[in-house]
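Each remark here refers to the structure printed beneath this line.
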Amino acid sequence: MTEILEFPVLLRLIDERSVAFRAAIASAPSLDVQVPTCPEWTLRDLVQHLGGVHRSWAAIVAAGPADARPDVTVPEAPREPAALLAWSAESTDQLLGALREFGPDRGCWTWWGGSRSPQTSGAVARHQVQEAMVHTYDAQITSGAAQPLPDEAALDGVDEFLSTCCAGTDSWPHEPAVVDYQATEGRSWRLSLSADGARVTELPAPAADSGEAPDPADATLQGAARDLVLALYARIPVNSLKVEGDPRLFDLLLAWDPSV
């Protein structure tokens, strides 16, 4: 049932979001302004971060299958605005070039080895859509012109986040719980949390339901996919969406890092 965007679509979205990111950076009056959604960073830091992410994953994909993260050195970004934007564009080109060269099925190291997402360049591309999309939002809100997240990327982003950042065998350190995420576009996901780990399943649409409704969740978060993604990445407060059940579960989820 899970719908995953095709590889060429992922590459297009990485490119489009990266172009939008640089447009937001270029429109800002200063690169030294603080990013409100990443308060430890300035806009210049944000460009360095996303460019470094693009260059690092380009090298990781090119390195192929590995048990440990390949040693990658990212050069310091230039400080002059035009040169910084050119460096950012070159960073995106490196990422897209590696993904196009090796295709979606190439094995490579990923930090999400224990999750439901595969360790492939296709999964890297899928996650990089979210990376570029959320950081474009960061840049846009800093420059005062935040735009809604693209619908197709946001809807895939809910599934990608739950599959990559949550689902896995890392023990949930609290009482077992079931959390549902409902996108108003018609897709819903259930995250089941226990000492055995976290499992994500996509719930059937009402029209496809056999007549038996799933057991009630302990907490439910409902909203447009674009808002669910921003809440999952802690860009907007959870209580700005519709919350049912125990709201404390969302605080526990935001504080939980299965990768450590």
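In the structure tokens, chains take letters A, B, ... by order of appearance, with residues numbered from 1 within each chain and ligands from 1 in the order shown.
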
Would you write out, as CSV, a table of all residues in stretch 119-155 of chain A that have an atom no more than 12 Å from an atom of stretch 87-96 of chain A, listing for each the closest atom pair and the distance in Å to one decimal, considering only C-alpha atoms and ordering rows by chain and rising residue number?
residue,atom,partner,partner_atom,distance
A:Ser121,CA,A:Leu95,CA,10.5
A:Gly122,CA,A:Leu96,CA,11.5
A:Val124,CA,A:Leu95,CA,10.0
A:Ala125,CA,A:Leu96,CA,8.6
A:Gln128,CA,A:Leu95,CA,9.3
A:Val129,CA,A:Leu96,CA,11.2
A:Glu131,CA,A:Thr92,CA,11.9
A:Ala132,CA,A:Thr92,CA,9.8

With a cut-off of 9 Å, could you pull out the residues of stretch 146-204 of chain A touching stretch 212-220 of chain A and give me the nearest pair of atoms for each, distance in Å to one decimal, using only C-alpha atoms, ordered by chain and ascending number, as JSON lines?
{"residue": "A:Ala177", "atom": "CA", "partner": "A:Asp218", "partner_atom": "CA", "distance": 6.2}
{"residue": "A:Val178", "atom": "CA", "partner": "A:Ala217", "partner_atom": "CA", "distance": 5.1}
{"residue": "A:Val179", "atom": "CA", "partner": "A:Ala219", "partner_atom": "CA", "distance": 5.0}
{"residue": "A:Asp180", "atom": "CA", "partner": "A:Thr220", "partner_atom": "CA", "distance": 4.6}
{"residue": "A:Tyr181", "atom": "CA", "partner": "A:Thr220", "partner_atom": "CA", "distance": 5.8}
{"residue": "A:Gln182", "atom": "CA", "partner": "A:Thr220", "partner_atom": "CA", "distance": 7.3}
{"residue": "A:Arg190", "atom": "CA", "partner": "A:Ala217", "partner_atom": "CA", "distance": 8.1}
{"residue": "A:Leu203", "atom": "CA", "partner": "A:Pro214", "partner_atom": "CA", "distance": 8.3}

Closest to A:Ala154 among A:Val134, A:Ala66, A:Cys38, A:Ala83, using only C-alpha atoms? A:Val134

If you count only C-alpha atoms, which residues fall within 10 Å of A:Trp109, apart from same-chain ones fewer than 6 positions away, as a VMD selection string? chain A and resid 57 60 to 61 63 to 70 118 to 121 124

Just the strand (DSSP E or B) stuff from stretch 6-149 of chain A, please, per backbone DSSP, written as an NGL selection string. :A and (34-35 or 38-42 or 107 or 115 or 120)

Just checking: using only C-alpha atoms, which residue out of A:Val9, A:Leu241, A:Ala86, A:Ala139 ends up closest to A:Ser30?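 The closest residue to A:Ser30 is A:Ala139.
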
Looking at only C-alpha atoms, which of A:Leu221, A:Ala195, A:Cys166, A:Leu85 is the one that sits closest to A:Ala183? A:Leu221

Among stretch 59-171 of chain A, which residues does DSSP mark as alpha helix (DSSP H) when it is run on the backbone? Keep the chain and numbering as in the structure and answer as a ChimeraX atom specification. /A:59-63,81-102,121-143,151-161

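In this model, the gap between atom CA of A:Val33 and atom CA of A:Val238 comes to 25.9 Å.
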
Shell around A:Pro8 at 10 Å using only C-alpha atoms, local window under 3 positions removed, as a PDB file with N, CA, C and O atoms, in the first residue's frame:
ATOM      1  N   LEU A   5       7.745   7.705  -3.960  1.00  0.00           N
ATOM      2  CA  LEU A   5       7.987   8.446  -5.200  1.00  0.00           C
ATOM      3  C   LEU A   5       9.081   7.767  -6.020  1.00  0.00           C
ATOM      4  O   LEU A   5      10.048   7.239  -5.477  1.00  0.00           O
ATOM      5  N   LEU A  11      14.854  12.957  -7.613  1.00  0.00           N
ATOM      6  CA  LEU A  11      15.945  13.818  -8.084  1.00  0.00           C
ATOM      7  C   LEU A  11      15.416  15.198  -8.478  1.00  0.00           C
ATOM      8  O   LEU A  11      16.050  16.221  -8.183  1.00  0.00           O
ATOM      9  N   ARG A  12      14.266  15.218  -9.131  1.00  0.00           N
ATOM     10  CA  ARG A  12      13.668  16.509  -9.506  1.00  0.00           C
ATOM     11  C   ARG A  12      13.358  17.334  -8.269  1.00  0.00           C
ATOM     12  O   ARG A  12      13.619  18.549  -8.230  1.00  0.00           O
ATOM     13  N   LEU A  13      12.817  16.698  -7.240  1.00  0.00           N
ATOM     14  CA  LEU A  13      12.447  17.426  -6.025  1.00  0.00           C
ATOM     15  C   LEU A  13      13.672  17.936  -5.274  1.00  0.00           C
ATOM     16  O   LEU A  13      13.655  19.046  -4.723  1.00  0.00           O
ATOM     17  N   ILE A  14      14.740  17.132  -5.239  1.00  0.00           N
ATOM     18  CA  ILE A  14      15.988  17.621  -4.629  1.00  0.00           C
ATOM     19  C   ILE A  14      16.456  18.882  -5.345  1.00  0.00           C
ATOM     20  O   ILE A  14      16.832  19.879  -4.713  1.00  0.00           O
ATOM     21  N   LEU A  99      23.946  10.430  -7.659  1.00  0.00           N
ATOM     22  CA  LEU A  99      22.707   9.652  -7.674  1.00  0.00           C
ATOM     23  C   LEU A  99      22.352   9.214  -9.088  1.00  0.00           C
ATOM     24  O   LEU A  99      21.937   8.068  -9.316  1.00  0.00           O
ATOM     25  N   ARG A 100      22.512  10.107 -10.045  1.00  0.00           N
ATOM     26  CA  ARG A 100      22.215   9.733 -11.444  1.00  0.00           C
ATOM     27  C   ARG A 100      23.200   8.683 -11.955  1.00  0.00           C
ATOM     28  O   ARG A 100      22.808   7.753 -12.672  1.00  0.00           O
ATOM     29  N   GLY A 103      22.407   5.286  -9.812  1.00  0.00           N
ATOM     30  CA  GLY A 103      21.043   4.777  -9.813  1.00  0.00           C
ATOM     31  C   GLY A 103      20.522   4.456  -8.422  1.00  0.00           C
ATOM     32  O   GLY A 103      21.234   4.563  -7.424  1.00  0.00           O
ATOM     33  N   PRO A 104      19.253   4.040  -8.331  1.00  0.00           N
ATOM     34  CA  PRO A 104      18.606   3.896  -7.027  1.00  0.00           C
ATOM     35  C   PRO A 104      18.966   2.636  -6.246  1.00  0.00           C
ATOM     36  O   PRO A 104      18.687   2.563  -5.049  1.00  0.00           O
ATOM     37  N   GLY A 122      18.838   4.939  -3.492  1.00  0.00           N
ATOM     38  CA  GLY A 122      17.455   5.378  -3.645  1.00  0.00           C
ATOM     39  C   GLY A 122      16.895   5.913  -2.338  1.00  0.00           C
ATOM     40  O   GLY A 122      16.182   6.927  -2.326  1.00  0.00           O
ATOM     41  N   ALA A 125      18.374   9.313  -1.727  1.00  0.00           N
ATOM     42  CA  ALA A 125      17.669  10.343  -2.489  1.00  0.00           C
ATOM     43  C   ALA A 125      16.355  10.709  -1.821  1.00  0.00           C
ATOM     44  O   ALA A 125      15.998  11.897  -1.714  1.00  0.00           O
TER      45      ALA A 125
END

So how many Å separate atom CA of A:Asp151 and atom CA of A:Gln222, to one decimal? 15.7 Å

Counting only C-alpha atoms, which of A:Trp41, A:Phe250, A:Tyr137, A:Tyr233 gets nearest to A:Leu191? A:Phe250
